[in-house]
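Structure file target-v1.pdb (PDB, C-alpha atoms, pLDDT in the B column) follows.
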```pdb
ATOM      1  CA  MET A   1      -2.728   4.637  13.447  1.00 52.00           C
ATOM      2  CA  ILE A   2      -5.693   6.302  15.117  1.00 56.00           C
ATOM      3  CA  THR A   3      -7.706   6.374  11.909  1.00 57.00           C
ATOM      4  CA  VAL A   4      -7.133   2.719  11.113  1.00 59.00           C
ATOM      5  CA  VAL A   5      -7.582   1.270  14.606  1.00 62.00           C
ATOM      6  CA  ALA A   6     -10.587   3.482  15.436  1.00 65.00           C
ATOM      7  CA  THR A   7     -12.296   2.568  12.169  1.00 63.00           C
ATOM      8  CA  LEU A   8     -11.498  -1.098  12.636  1.00 63.00           C
ATOM      9  CA  PHE A   9     -12.971  -1.188  16.143  1.00 65.00           C
ATOM     10  CA  SER A  10     -16.004   0.943  15.325  1.00 66.00           C
ATOM     11  CA  SER A  11     -16.907  -1.156  12.267  1.00 63.00           C
ATOM     12  CA  HIS A  12     -16.172  -4.474  14.057  1.00 62.00           C
ATOM     13  CA  GLY A  13     -14.094  -5.555  11.055  1.00 59.00           C
ATOM     14  CA  ALA A  14     -16.964  -5.304   8.563  1.00 61.00           C
ATOM     15  CA  GLY A  15     -17.753  -2.933   5.736  1.00 58.00           C
ATOM     16  CA  GLU A  16     -16.052  -1.112   2.930  1.00 60.00           C
ATOM     17  CA  GLY A  17     -14.561   1.700   5.031  1.00 60.00           C
ATOM     18  CA  GLN A  18     -12.314  -0.527   7.078  1.00 60.00           C
ATOM     19  CA  ALA A  19     -11.497  -2.711   4.082  1.00 65.00           C
ATOM     20  CA  PHE A  20     -10.327   0.364   2.161  1.00 69.00           C
ATOM     21  CA  LEU A  21      -8.124   1.522   5.047  1.00 65.00           C
ATOM     22  CA  VAL A  22      -6.640  -1.952   5.498  1.00 64.00           C
ATOM     23  CA  ALA A  23      -5.930  -2.138   1.774  1.00 69.00           C
ATOM     24  CA  ILE A  24      -4.021   1.144   1.936  1.00 75.00           C
ATOM     25  CA  PHE A  25      -2.219   1.067   5.273  1.00 74.00           C
ATOM     26  CA  ASP A  26      -1.948  -2.569   6.328  1.00 78.00           C
ATOM     27  CA  TYR A  27      -1.227  -4.342   3.065  1.00 82.00           C
ATOM     28  CA  PRO A  28       2.073  -5.793   4.387  1.00 86.00           C
ATOM     29  CA  LEU A  29       0.079  -7.461   7.175  1.00 85.00           C
ATOM     30  CA  VAL A  30      -2.378  -8.924   4.657  1.00 85.00           C
ATOM     31  CA  LEU A  31       0.568 -10.399   2.748  1.00 88.00           C
ATOM     32  CA  LEU A  32       1.975 -11.786   6.002  1.00 88.00           C
ATOM     33  CA  LEU A  33      -1.332 -13.442   6.883  1.00 87.00           C
ATOM     34  CA  GLN A  34      -1.670 -14.926   3.409  1.00 88.00           C
ATOM     35  CA  ALA A  35       1.806 -16.459   3.756  1.00 91.00           C
ATOM     36  CA  LEU A  36       1.222 -17.918   7.237  1.00 87.00           C
ATOM     37  CA  PRO A  37      -0.588 -21.189   7.788  1.00 91.00           C
ATOM     38  CA  GLY A  38      -3.964 -20.373   9.290  1.00 87.00           C
ATOM     39  CA  GLY A  39      -3.719 -16.751   8.189  1.00 86.00           C
ATOM     40  CA  GLY A  40      -6.590 -17.182   5.751  1.00 86.00           C
ATOM     41  CA  HIS A  41      -8.826 -18.094   8.674  1.00 88.00           C
ATOM     42  CA  ILE A  42      -8.000 -14.798  10.391  1.00 86.00           C
ATOM     43  CA  LEU A  43      -8.505 -12.826   7.166  1.00 83.00           C
ATOM     44  CA  TYR A  44     -11.771 -14.379   6.025  1.00 85.00           C
ATOM     45  CA  ASN A  45     -13.491 -16.294   8.841  1.00 88.00           C
ATOM     46  CA  SER A  46     -12.803 -14.857  12.294  1.00 83.00           C
ATOM     47  CA  THR A  47     -13.849 -11.243  12.757  1.00 82.00           C
ATOM     48  CA  VAL A  48     -12.591 -11.083  16.344  1.00 85.00           C
ATOM     49  CA  ALA A  49      -9.160 -12.457  15.432  1.00 86.00           C
ATOM     50  CA  TYR A  50      -9.076 -10.125  12.412  1.00 83.00           C
ATOM     51  CA  VAL A  51      -9.770  -7.027  14.499  1.00 82.00           C
ATOM     52  CA  TRP A  52      -7.257  -7.967  17.174  1.00 86.00           C
ATOM     53  CA  PHE A  53      -4.546  -9.001  14.720  1.00 87.00           C
ATOM     54  CA  PHE A  54      -4.722  -5.796  12.705  1.00 82.00           C
ATOM     55  CA  SER A  55      -5.009  -3.622  15.803  1.00 82.00           C
ATOM     56  CA  VAL A  56      -1.982  -5.129  17.536  1.00 87.00           C
ATOM     57  CA  ALA A  57       0.174  -6.038  14.520  1.00 87.00           C
ATOM     58  CA  GLY A  58      -0.668  -2.750  12.782  1.00 83.00           C
ATOM     59  CA  THR A  59       0.460  -0.802  15.838  1.00 84.00           C
ATOM     60  CA  VAL A  60       3.714  -2.777  15.964  1.00 88.00           C
ATOM     61  CA  LEU A  61       4.208  -2.309  12.212  1.00 85.00           C
ATOM     62  CA  TYR A  62       3.901   1.469  12.434  1.00 84.00           C
ATOM     63  CA  ALA A  63       6.042   1.610  15.579  1.00 88.00           C
ATOM     64  CA  VAL A  64       8.841  -0.100  13.642  1.00 89.00           C
ATOM     65  CA  VAL A  65       8.297   2.152  10.609  1.00 86.00           C
ATOM     66  CA  GLY A  66       8.375   5.238  12.852  1.00 88.00           C
ATOM     67  CA  TYR A  67      11.530   4.047  14.587  1.00 93.00           C
ATOM     68  CA  CYS A  68      13.286   3.459  11.261  1.00 93.00           C
ATOM     69  CA  ALA A  69      12.163   6.852   9.968  1.00 92.00           C
ATOM     70  CA  GLY A  70      13.465   8.528  13.135  1.00 94.00           C
ATOM     71  CA  ILE A  71      16.830   6.786  12.916  1.00 96.00           C
ATOM     72  CA  SER A  72      17.111   7.740   9.244  1.00 95.00           C
ATOM     73  CA  LEU A  73      16.292  11.388   9.895  1.00 95.00           C
ATOM     74  CA  ARG A  74      18.780  11.502  12.748  1.00 96.00           C
ATOM     75  CA  ALA A  75      21.512  10.058  10.504  1.00 96.00           C
ATOM     76  CA  VAL A  76      20.752  12.657   7.832  1.00 96.00           C
ATOM     77  CA  ALA A  77      20.831  15.457  10.422  1.00 95.00           C
ATOM     78  CA  ILE A  78      24.195  14.261  11.764  1.00 95.00           C
ATOM     79  CA  PHE A  79      25.586  14.041   8.228  1.00 95.00           C
ATOM     80  CA  ILE A  80      24.409  17.556   7.395  1.00 92.00           C
ATOM     81  CA  ARG A  81      25.795  18.986  10.646  1.00 91.00           C
ATOM     82  CA  ARG A  82      29.191  17.340  10.085  1.00 92.00           C
ATOM     83  CA  TRP A  83      29.281  18.536   6.486  1.00 91.00           C
ATOM     84  CA  PHE A  84      28.646  22.121   7.560  1.00 90.00           C
ATOM     85  CA  GLU A  85      31.226  21.844  10.368  1.00 87.00           C
ATOM     86  CA  LYS A  86      33.814  20.526   7.909  1.00 88.00           C
ATOM     87  CA  HIS A  87      33.153  23.259   5.360  1.00 86.00           C
ATOM     88  CA  GLY A  88      33.084  26.046   7.932  1.00 76.00           C
ATOM     89  CA  ALA A  89      29.498  27.129   7.333  1.00 67.00           C
ATOM     90  CA  ILE A  90      28.452  26.727  10.960  1.00 57.00           C
TER      91      ILE A  90
END
```

Write out the structure in this file as structure tokens.
Amino acid sequence: MITVVATLFSSHGAGEGQAFLVAIFDYPLVLLLQALPGGGHILYNSTVAYVWFFSVAGTVLYAVVGYCAGISLRAVAIFIRRWFEKHGAI
């Protein structure tokens, strides 16, 4: 998140560096904007709206991804612990 948001703010939404990072990390948000009415305006015409949208929505996106990853890892850890308890290894 730091690399994308810092690059986005420092480049003011212009240039190849931020475009490359957005293409890699925030592609789901690009698809969302293309599907929404008025999203093309944010993507192609309004630099300020572009920077703010990707900064805020990108942070929310990765918060949700991190939460889901944490829940998944916790479920795997609980499964492994119960398996070892059942088989007498722990």

Could you pull the residues within 8 Å of Leu29 (chain A), counting only C-alpha atoms, minus those fewer than 6 positions along the same chain, as a PDB file with C-alpha atoms, in the coordinates of the input?
```
ATOM      1  CA  PHE A  54      -4.722  -5.796  12.705  1.00 82.00           C
ATOM      2  CA  ALA A  57       0.174  -6.038  14.520  1.00 87.00           C
ATOM      3  CA  GLY A  58      -0.668  -2.750  12.782  1.00 83.00           C
TER       4      GLY A  58
END
```

| message | Please compute the CA of Tyr27 (chain A)-CA of Tyr50 (chain A) distance, one decimal, in Å. | response |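 One can read the CA of Tyr27 (chain A) to CA of Tyr50 (chain A) distance as 13.5 Å.
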
| request: Have a look at CA of Cys68 (chain A) and CA of Pro28 (chain A) and let me know their distance in Å, one decimal. | output: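 Distance reported for this atom pair: 16.1 Å.
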
| query | So how many Å separate CA of Ala49 (chain A) and CA of Leu33 (chain A), to one decimal? | reply | 11.6 Å

Region 40-54 of chain A, all listed atoms, 3 Å padding on each side: what axis-aligned box centre and edge lengths in Å to one decimal come out, as lines of an AutoDock Vina configuration file?
```
center_x = -9.2
center_y = -11.9
center_z = 11.5
size_x = 15.3
size_y = 18.3
size_z = 17.4
```
